[in-house]
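Below is the file query.csv, which contains CSV, C-alpha atoms.
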chain,number,residue,atom,x,y,z
A,1,MET,CA,129.8,97.6,87.5
A,2,PRO,CA,132.7,98.7,85.4
A,3,ASN,CA,136.0,99.4,87.1
A,4,THR,CA,136.5,103.1,86.3
A,5,GLY,CA,140.0,103.3,87.6
A,6,SER,CA,141.3,100.6,85.3
A,7,ILE,CA,139.5,102.0,82.2
A,8,ASN,CA,140.8,105.5,82.9
A,9,GLN,CA,144.3,104.1,83.1
A,10,THR,CA,143.7,102.4,79.7
A,11,ILE,CA,142.5,105.7,78.2
A,12,SER,CA,145.5,107.6,79.6
A,13,SER,CA,147.9,105.0,78.3
A,14,ALA,CA,146.3,105.0,74.8
A,15,LEU,CA,146.4,108.8,74.5
A,16,GLY,CA,150.0,109.1,75.8
A,17,PHE,CA,149.2,110.2,79.3
A,18,ASN,CA,150.9,107.3,80.9
A,19,GLU,CA,154.7,107.1,81.1
A,20,THR,CA,154.7,103.4,80.1
A,21,HIS,CA,153.0,104.2,76.8
A,22,GLU,CA,151.6,100.6,76.7
A,23,ASP,CA,149.1,100.6,73.8
A,24,ASN,CA,147.8,97.0,73.5
A,25,LEU,CA,144.3,98.1,72.4
A,26,VAL,CA,143.2,99.7,69.2
A,27,MET,CA,141.8,103.0,70.5
A,28,GLU,CA,139.4,105.4,68.8
A,29,SER,CA,140.3,109.1,68.6
A,30,ALA,CA,140.0,111.3,71.6
A,31,THR,CA,137.3,113.3,69.8
A,32,SER,CA,135.0,110.2,69.7
A,33,PHE,CA,135.4,109.7,73.4
A,34,ILE,CA,134.7,113.4,74.1
A,35,ILE,CA,131.5,113.2,72.0
A,36,ALA,CA,130.5,110.0,73.9
A,37,ALA,CA,131.1,111.7,77.3
A,38,GLY,CA,129.0,114.7,76.0
A,39,PHE,CA,126.1,112.3,75.2
A,40,ILE,CA,126.3,110.8,78.7
A,41,LEU,CA,126.2,114.3,80.2
A,42,LEU,CA,123.2,115.2,78.1
A,43,ILE,CA,121.3,112.0,79.0
A,44,SER,CA,122.2,112.6,82.7
A,45,PHE,CA,121.0,116.2,82.5
A,46,PHE,CA,117.5,115.1,81.5
A,47,GLY,CA,117.6,112.2,84.0
A,48,ILE,CA,118.5,114.5,86.8
A,49,ILE,CA,115.6,116.9,85.9
A,50,GLY,CA,113.1,114.0,85.7
A,51,ASN,CA,114.1,112.2,88.9
A,52,SER,CA,114.3,115.6,90.8
A,53,LEU,CA,110.7,116.3,89.8
A,54,ILE,CA,109.6,112.8,90.9
A,55,PHE,CA,111.3,113.2,94.2
A,56,TRP,CA,109.8,116.6,94.8
A,57,TYR,CA,106.2,115.7,93.9
A,58,LEU,CA,106.1,112.3,95.6
A,59,CYS,CA,107.7,113.8,98.8
A,60,PHE,CA,105.8,117.0,99.1
A,61,LYS,CA,102.8,117.1,96.8
A,62,ILE,CA,101.2,113.6,96.7
A,63,LYS,CA,99.9,111.4,99.5
A,64,ARG,CA,102.6,108.9,100.6
A,65,THR,CA,101.7,105.2,99.8
A,66,LYS,CA,103.6,101.9,100.1
A,67,TYR,CA,104.5,102.2,96.4
A,68,THR,CA,105.6,105.8,96.3
A,69,ILE,CA,108.1,105.0,99.1
A,70,TYR,CA,109.9,102.6,96.7
A,71,ILE,CA,109.8,105.2,93.8
A,72,ILE,CA,111.2,107.9,96.0
A,73,ASN,CA,114.1,105.7,97.0
A,74,LEU,CA,114.6,104.6,93.4
A,75,ALA,CA,114.7,108.3,92.3
A,76,VAL,CA,117.3,109.0,95.0
A,77,ALA,CA,119.4,106.1,93.8
A,78,ASP,CA,119.2,107.3,90.2
A,79,LEU,CA,120.0,110.8,91.2
A,80,ILE,CA,123.1,109.6,93.0
A,81,TYR,CA,124.3,107.8,89.9
A,82,LEU,CA,123.4,110.5,87.4
A,83,ILE,CA,125.0,113.4,89.4
A,84,PHE,CA,128.2,111.6,90.0
A,85,ILE,CA,128.5,110.1,86.5
A,86,SER,CA,128.2,113.7,85.3
A,87,VAL,CA,131.2,114.6,87.5
A,88,GLU,CA,133.1,111.6,86.2
A,89,MET,CA,132.4,112.6,82.6
A,90,CYS,CA,133.5,116.2,83.2
A,91,ILE,CA,136.8,114.8,84.7
A,92,THR,CA,137.2,112.6,81.7
A,93,ILE,CA,136.7,115.5,79.2
A,94,LEU,CA,139.1,117.7,81.1
A,95,LEU,CA,141.6,114.8,81.0
A,96,PHE,CA,141.4,114.7,77.2
A,97,PHE,CA,141.8,118.5,76.9
A,98,LYS,CA,144.6,118.9,79.4
A,99,GLN,CA,146.5,115.9,78.0
A,100,LYS,CA,147.9,115.1,81.4
A,101,PRO,CA,146.5,113.4,84.5
A,102,ALA,CA,146.0,115.2,87.8
A,103,ALA,CA,148.1,114.0,90.7
A,104,ASP,CA,145.1,112.9,92.7
A,105,ARG,CA,142.9,111.8,89.8
A,106,LEU,CA,143.0,108.1,90.6
A,107,THR,CA,141.9,108.7,94.2
A,108,VAL,CA,139.0,110.9,93.0
A,109,VAL,CA,138.0,108.4,90.4
A,110,PHE,CA,138.0,105.6,92.9
A,111,ALA,CA,135.8,107.5,95.3
A,112,LEU,CA,133.4,108.3,92.4
A,113,GLU,CA,133.4,104.6,91.4
A,114,ILE,CA,132.2,103.7,94.9
A,115,ILE,CA,129.4,106.2,94.8
A,116,LEU,CA,128.4,105.2,91.3
A,117,SER,CA,128.3,101.6,92.2
A,118,LEU,CA,126.1,102.4,95.2
A,119,GLY,CA,123.5,104.2,93.1
A,120,ASN,CA,123.6,101.5,90.5
A,121,TYR,CA,123.1,98.6,92.8
A,122,ALA,CA,120.5,100.4,94.9
A,123,GLY,CA,118.5,100.9,91.8
A,124,MET,CA,118.6,97.2,91.0
A,125,PHE,CA,117.6,96.1,94.4
A,126,LEU,CA,114.8,98.7,94.7
A,127,LEU,CA,113.4,97.8,91.3
A,128,THR,CA,113.5,94.1,92.4
A,129,ALA,CA,111.8,94.9,95.7
A,130,ILE,CA,108.9,96.8,94.1
A,131,SER,CA,108.5,94.1,91.5
A,132,VAL,CA,108.1,91.4,94.2
A,133,GLU,CA,105.9,93.7,96.3
A,134,ARG,CA,103.4,94.3,93.4
A,135,CYS,CA,103.6,90.6,92.4
A,136,SER,CA,102.7,89.5,95.9
A,137,ALA,CA,99.8,92.0,96.0
A,138,ILE,CA,98.3,90.5,92.9
A,139,TYR,CA,99.1,86.8,93.7
A,140,HIS,CA,97.9,87.0,97.4
A,141,PRO,CA,95.6,90.0,97.4
A,142,ILE,CA,93.8,89.1,100.7
A,143,TRP,CA,97.0,88.7,102.7
A,144,HIS,CA,98.4,91.8,101.1
A,145,ARG,CA,95.3,93.8,101.9
A,146,TYR,CA,94.8,92.8,105.5
A,147,ASN,CA,98.0,91.2,106.9
A,148,ARG,CA,100.8,93.1,105.2
A,149,PRO,CA,103.1,94.7,107.7
A,150,LYS,CA,102.6,98.5,107.8
A,151,PHE,CA,106.3,99.4,107.5
A,152,GLN,CA,107.1,96.7,104.9
A,153,SER,CA,108.0,99.2,102.2
A,154,LEU,CA,110.3,101.2,104.4
A,155,LEU,CA,111.9,98.0,105.8
A,156,LEU,CA,112.6,96.6,102.3
A,157,CYS,CA,114.1,100.0,101.2
A,158,VAL,CA,116.4,100.0,104.2
A,159,ILE,CA,117.4,96.4,103.4
A,160,SER,CA,118.0,97.3,99.7
A,161,TRP,CA,120.3,100.2,100.6
A,162,GLY,CA,122.2,98.0,103.1
A,163,LEU,CA,122.7,95.3,100.5
A,164,SER,CA,123.8,97.9,98.0
A,165,ILE,CA,126.5,99.2,100.4
A,166,LEU,CA,127.7,95.7,101.0
A,167,VAL,CA,127.9,94.7,97.3
A,168,THR,CA,129.5,98.1,96.5
A,169,LEU,CA,132.3,97.4,99.0
A,170,VAL,CA,132.8,93.9,97.7
A,171,ASP,CA,132.9,95.1,94.1
A,172,ASN,CA,135.3,98.0,94.6
A,173,ILE,CA,137.5,96.9,97.5
A,174,GLY,CA,137.5,93.2,96.8
A,175,CYS,CA,138.7,93.9,93.2
A,176,PRO,CA,140.6,97.2,93.1
A,177,PRO,CA,141.6,98.8,89.8
A,178,GLU,CA,145.2,97.7,89.8
A,179,LEU,CA,144.1,94.0,89.9
A,180,PHE,CA,141.3,94.2,87.3
A,181,GLY,CA,143.5,93.3,84.3
A,182,THR,CA,145.5,90.6,86.1
A,183,VAL,CA,142.6,88.1,86.4
A,184,ALA,CA,143.6,87.7,90.1
A,185,ILE,CA,141.9,85.0,92.2
A,186,ARG,CA,140.2,87.6,94.4
A,187,CYS,CA,138.9,89.5,91.4
A,188,THR,CA,137.6,86.2,89.9
A,189,ALA,CA,135.8,85.5,93.1
A,190,VAL,CA,134.2,89.0,93.2
A,191,HIS,CA,133.1,88.8,89.6
A,192,THR,CA,131.7,85.3,90.1
A,193,PHE,CA,129.7,86.6,93.1
A,194,LEU,CA,128.4,89.6,91.2
A,195,SER,CA,127.5,87.5,88.2
A,196,VAL,CA,125.5,85.0,90.3
A,197,LEU,CA,123.8,87.9,92.1
A,198,VAL,CA,122.8,89.8,88.9
A,199,PHE,CA,122.1,87.0,86.5
A,200,LEU,CA,120.9,84.2,88.7
A,201,LEU,CA,119.1,86.2,91.4
A,202,ILE,CA,118.1,89.8,90.5
A,203,ILE,CA,117.2,89.4,86.8
A,204,PRO,CA,115.3,86.1,87.2
A,205,THR,CA,113.4,87.6,90.2
A,206,MET,CA,112.5,90.7,88.1
A,207,VAL,CA,111.4,88.7,85.1
A,208,ILE,CA,109.4,86.1,87.0
A,209,SER,CA,107.6,88.7,89.0
A,210,SER,CA,106.8,90.7,85.9
A,211,LEU,CA,105.5,87.6,84.1
A,212,ILE,CA,103.3,86.6,87.1
A,213,MET,CA,101.9,90.1,87.3
A,214,LEU,CA,101.0,90.2,83.6
A,215,ILE,CA,99.4,86.7,83.7
A,216,MET,CA,97.4,87.3,86.9
A,217,VAL,CA,96.2,90.7,85.7
A,218,LYS,CA,95.2,89.2,82.4
A,219,LYS,CA,93.2,86.5,84.1
A,220,SER,CA,91.5,88.5,86.8
A,221,SER,CA,91.1,92.0,85.3
A,222,LYS,CA,87.9,92.8,83.6
A,223,GLN,CA,89.4,96.0,82.2
A,224,ASP,CA,90.9,96.3,78.7
A,225,HIS,CA,94.1,97.6,80.1
A,226,PRO,CA,96.2,96.4,83.1
A,227,PRO,CA,96.7,98.8,86.1
A,228,LYS,CA,99.1,101.6,85.4
A,229,LEU,CA,101.4,100.7,88.2
A,230,VAL,CA,101.9,97.2,86.6
A,231,ILE,CA,102.7,98.8,83.3
A,232,VAL,CA,105.2,101.1,84.9
A,233,ILE,CA,107.0,98.3,86.8
A,234,VAL,CA,107.1,96.0,83.7
A,235,ALA,CA,108.3,98.8,81.5
A,236,SER,CA,111.1,99.7,84.0
A,237,VAL,CA,112.1,96.0,84.1
A,238,ILE,CA,112.2,95.8,80.3
A,239,VAL,CA,114.3,98.9,80.1
A,240,PHE,CA,116.7,97.5,82.7
A,241,LEU,CA,117.1,94.2,80.8
A,242,ILE,CA,117.7,95.9,77.5
A,243,SER,CA,120.0,98.6,78.6
A,244,VAL,CA,122.0,97.1,81.5
A,245,ALA,CA,122.1,93.3,81.2
A,246,PRO,CA,123.9,93.0,77.8
A,247,VAL,CA,126.7,95.5,78.8
A,248,ARG,CA,127.3,93.7,82.1
A,249,ILE,CA,127.8,90.5,80.1
A,250,LEU,CA,130.3,92.2,77.8
A,251,TRP,CA,132.1,93.6,80.9
A,252,LEU,CA,132.4,90.1,82.3
A,253,LEU,CA,133.8,88.8,79.0
A,254,LEU,CA,136.3,91.7,79.0
A,255,TYR,CA,137.5,90.7,82.5
A,256,LEU,CA,137.8,87.1,81.4
A,257,GLN,CA,139.8,88.2,78.4
A,258,VAL,CA,137.7,86.3,75.9
A,259,LEU,CA,136.8,89.3,73.7
A,260,PRO,CA,138.7,89.8,70.4
A,261,SER,CA,142.2,91.3,70.7
A,262,GLY,CA,141.2,94.5,68.9
A,263,PHE,CA,138.2,95.2,71.1
A,264,SER,CA,138.4,98.6,72.7
A,265,SER,CA,137.9,98.4,76.4
A,266,ALA,CA,137.7,102.2,76.6
A,267,ALA,CA,134.8,102.2,74.1
A,268,LEU,CA,133.1,99.6,76.2
A,269,PHE,CA,133.6,101.9,79.2
A,270,PHE,CA,131.6,104.7,77.6
A,271,ALA,CA,129.0,102.2,76.3
A,272,VAL,CA,128.4,100.8,79.8
A,273,TYR,CA,128.0,104.1,81.4
A,274,MET,CA,125.8,105.4,78.6
A,275,CYS,CA,123.5,102.4,79.0
A,276,ILE,CA,123.3,102.7,82.8
A,277,SER,CA,122.7,106.5,82.4
A,278,ILE,CA,119.8,105.8,80.1
A,279,ASN,CA,118.4,103.2,82.5
A,280,SER,CA,118.6,105.7,85.4
A,281,SER,CA,117.1,108.5,83.4
A,282,VAL,CA,114.1,106.9,81.7
A,283,ASN,CA,112.0,105.9,84.7
A,284,PRO,CA,110.4,109.4,85.3
A,285,TYR,CA,109.4,109.6,81.7
A,286,ILE,CA,107.8,106.2,81.9
A,287,TYR,CA,105.7,107.4,84.8
A,288,PHE,CA,104.7,110.6,82.9
A,289,LEU,CA,103.9,108.6,79.7
A,290,VAL,CA,101.8,105.9,81.4
A,291,GLY,CA,99.8,108.3,83.5
A,292,ARG,CA,99.5,111.2,81.0
A,293,GLN,CA,96.1,112.9,80.8
A,294,LYS,CA,94.7,115.8,78.8
A,295,MET,CA,95.0,118.8,81.1
A,296,GLN,CA,96.2,122.3,81.2
A,297,GLY,CA,99.3,123.6,83.1
A,298,VAL,CA,102.5,121.9,83.7
A,299,HIS,CA,102.0,121.8,87.5
A,300,ASP,CA,98.6,120.1,87.1
A,301,PHE,CA,100.0,117.7,84.5
A,302,LEU,CA,102.8,116.4,86.7
A,303,GLU,CA,100.8,116.2,89.9
A,304,LYS,CA,97.7,114.5,88.4
A,305,THR,CA,99.8,112.2,86.3
A,306,LEU,CA,101.7,110.9,89.2
A,307,LYS,CA,98.5,110.5,91.3
A,308,LYS,CA,97.0,108.6,88.4
A,309,VAL,CA,100.0,106.1,88.4
A,310,PHE,CA,100.7,105.7,92.1
A,311,GLY,CA,97.3,106.5,93.6
A,312,GLU,CA,95.2,104.2,91.5
A,313,GLU,CA,96.2,101.0,93.3
A,314,GLU,CA,95.9,102.5,96.7
A,315,ASP,CA,92.4,104.0,96.1
A,316,LYS,CA,91.3,100.6,94.7
A,317,GLU,CA,92.6,98.7,97.7
A,318,GLU,CA,91.1,101.1,100.2
A,319,GLY,CA,87.7,100.8,98.4
A,320,GLU,CA,87.9,97.0,98.4
A,321,LYS,CA,88.8,97.0,102.1
A,322,GLY,CA,85.4,98.5,102.9
A,323,VAL,CA,83.4,95.9,100.9
A,324,PRO,CA,83.8,92.9,103.2
A,325,LYS,CA,82.9,95.0,106.3
A,326,HIS,CA,79.8,96.3,104.6
A,327,HIS,CA,78.7,92.8,103.7
A,328,GLU,CA,79.3,91.6,107.2
A,329,GLU,CA,77.1,94.3,108.6
A,330,ILE,CA,74.3,93.4,106.3
A,331,ASN,CA,74.6,89.7,107.1
A,332,THR,CA,74.5,90.3,110.8
A,333,VAL,CA,71.4,92.6,110.6
A,334,GLU,CA,69.3,90.4,108.3
A,335,PRO,CA,68.7,87.5,110.7
A,336,ASN,CA,67.5,89.9,113.4
A,337,ILE,CA,64.9,91.4,111.0
A,338,SER,CA,63.6,88.1,110.0

Using structure tokens, write down the structure from this file.
Amino acid sequence: MPNTGSINQTISSALGFNETHEDNLVMESATSFIIAAGFILLISFFGIIGNSLIFWYLCFKIKRTKYTIYIINLAVADLIYLIFISVEMCITILLFFKQKPAADRLTVVFALEIILSLGNYAGMFLLTAISVERCSAIYHPIWHRYNRPKFQSLLLCVISWGLSILVTLVDNIGCPPELFGTVAIRCTAVHTFLSVLVFLLIIPTMVISSLIMLIMVKKSSKQDHPPKLVIVIVASVIVFLISVAPVRILWLLLYLQVLPSGFSSAALFFAVYMCISINSSVNPYIYFLVGRQKMQGVHDFLEKTLKKVFGEEEDKEEGEKGVPKHHEEINTVEPNIS
């Protein structure tokens, strides 16, 4: 997660807001940054609308399932990120227009950074959890159907939020803004930990789970198309890999000071937050696109589309649960008749 405080200090310095007037980076014009912040606000606006609709319909309009619990929590994580990145961008735009920093701006920015990190990490952990959950359901269908703990989804969501809080504190308190550019030992340890977590644990787990899902569905499914929930999960993972993973690598290289000397860290700041905003905004529209049907009325469209995506697997499993019992009854009756 980018260190907002250090980047805002860089922007202030480059635009003459800082008394030291250190300008070691080649900065673009303030107008370009304002336009970039405006794009992030626009993306966040559509993301807030989409995630709010998902939260409302899955909480109050559609039957709760083990998969909708994950999606509700994922929508909350994305809403947290999108709402507070909008606040951060508004502060940034005001900073450009006022041409002077507010006295308590760094404190506000640091608080925003903690909240943004929480939403970002929670989204990653929850997407990983639902990927593993669906993969296990396909790989071990009998166990998942009959032996899966009833509150597993809720438990994994609680664990995901707990891990997110822990990682957020390590990220922001372990390496505060004033130490980011110094390559301090504690910051190096924090970035090493985060890199191992993201690139050696979270991303491989997502990718392997998605590949297993696709392979198993391709082998076992007699349908022409895989289940819609599988499509949704794989599409969300792909969007995450495309939008978030590359900029996290760039941010790590920026910290290690191995990027070209003329590379604009402020431009990277906006690029990082734009990519994460896209990742947090796109999931609701993936659900609508995958589950779309020809129907009249916006209300019917949203409700039936979400039922199509998240109710398909549940209805299928409930139907399959009754099959073995039916066969057992037949088998026990037949010997008595003969």

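Going from CA of Val217 in chain A over to CA of Pro149 in chain A, you cover 23.4 Å.
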
Residues within 9 Å of Phe33 in chain A, only C-alpha atoms, excluding chain neighbours under 5 positions, as a PyMOL selection string: chain A and resi 28+38+92-93+96+266-267+270

Choose the residue, out of A:Leu94, A:Ile115, A:Leu241, A:Leu306, that has the smallest atom-to-atom separation from Ile34 in chain A; count all atoms listed in the file.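 Among A:Leu94, A:Ile115, A:Leu241, A:Leu306, it is A:Leu94 that comes nearest to Ile34 in chain A.
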
Do a neighbour search on Ile48 in chain A at 9 Å with only C-alpha atoms, toss out local chain neighbours closer than 3 positions, and write the hits as a count of residues only. 12

Could you tell me how far CA of Trp161 in chain A sits from CA of Glu113 in chain A, in Å to one decimal place? 16.6 Å
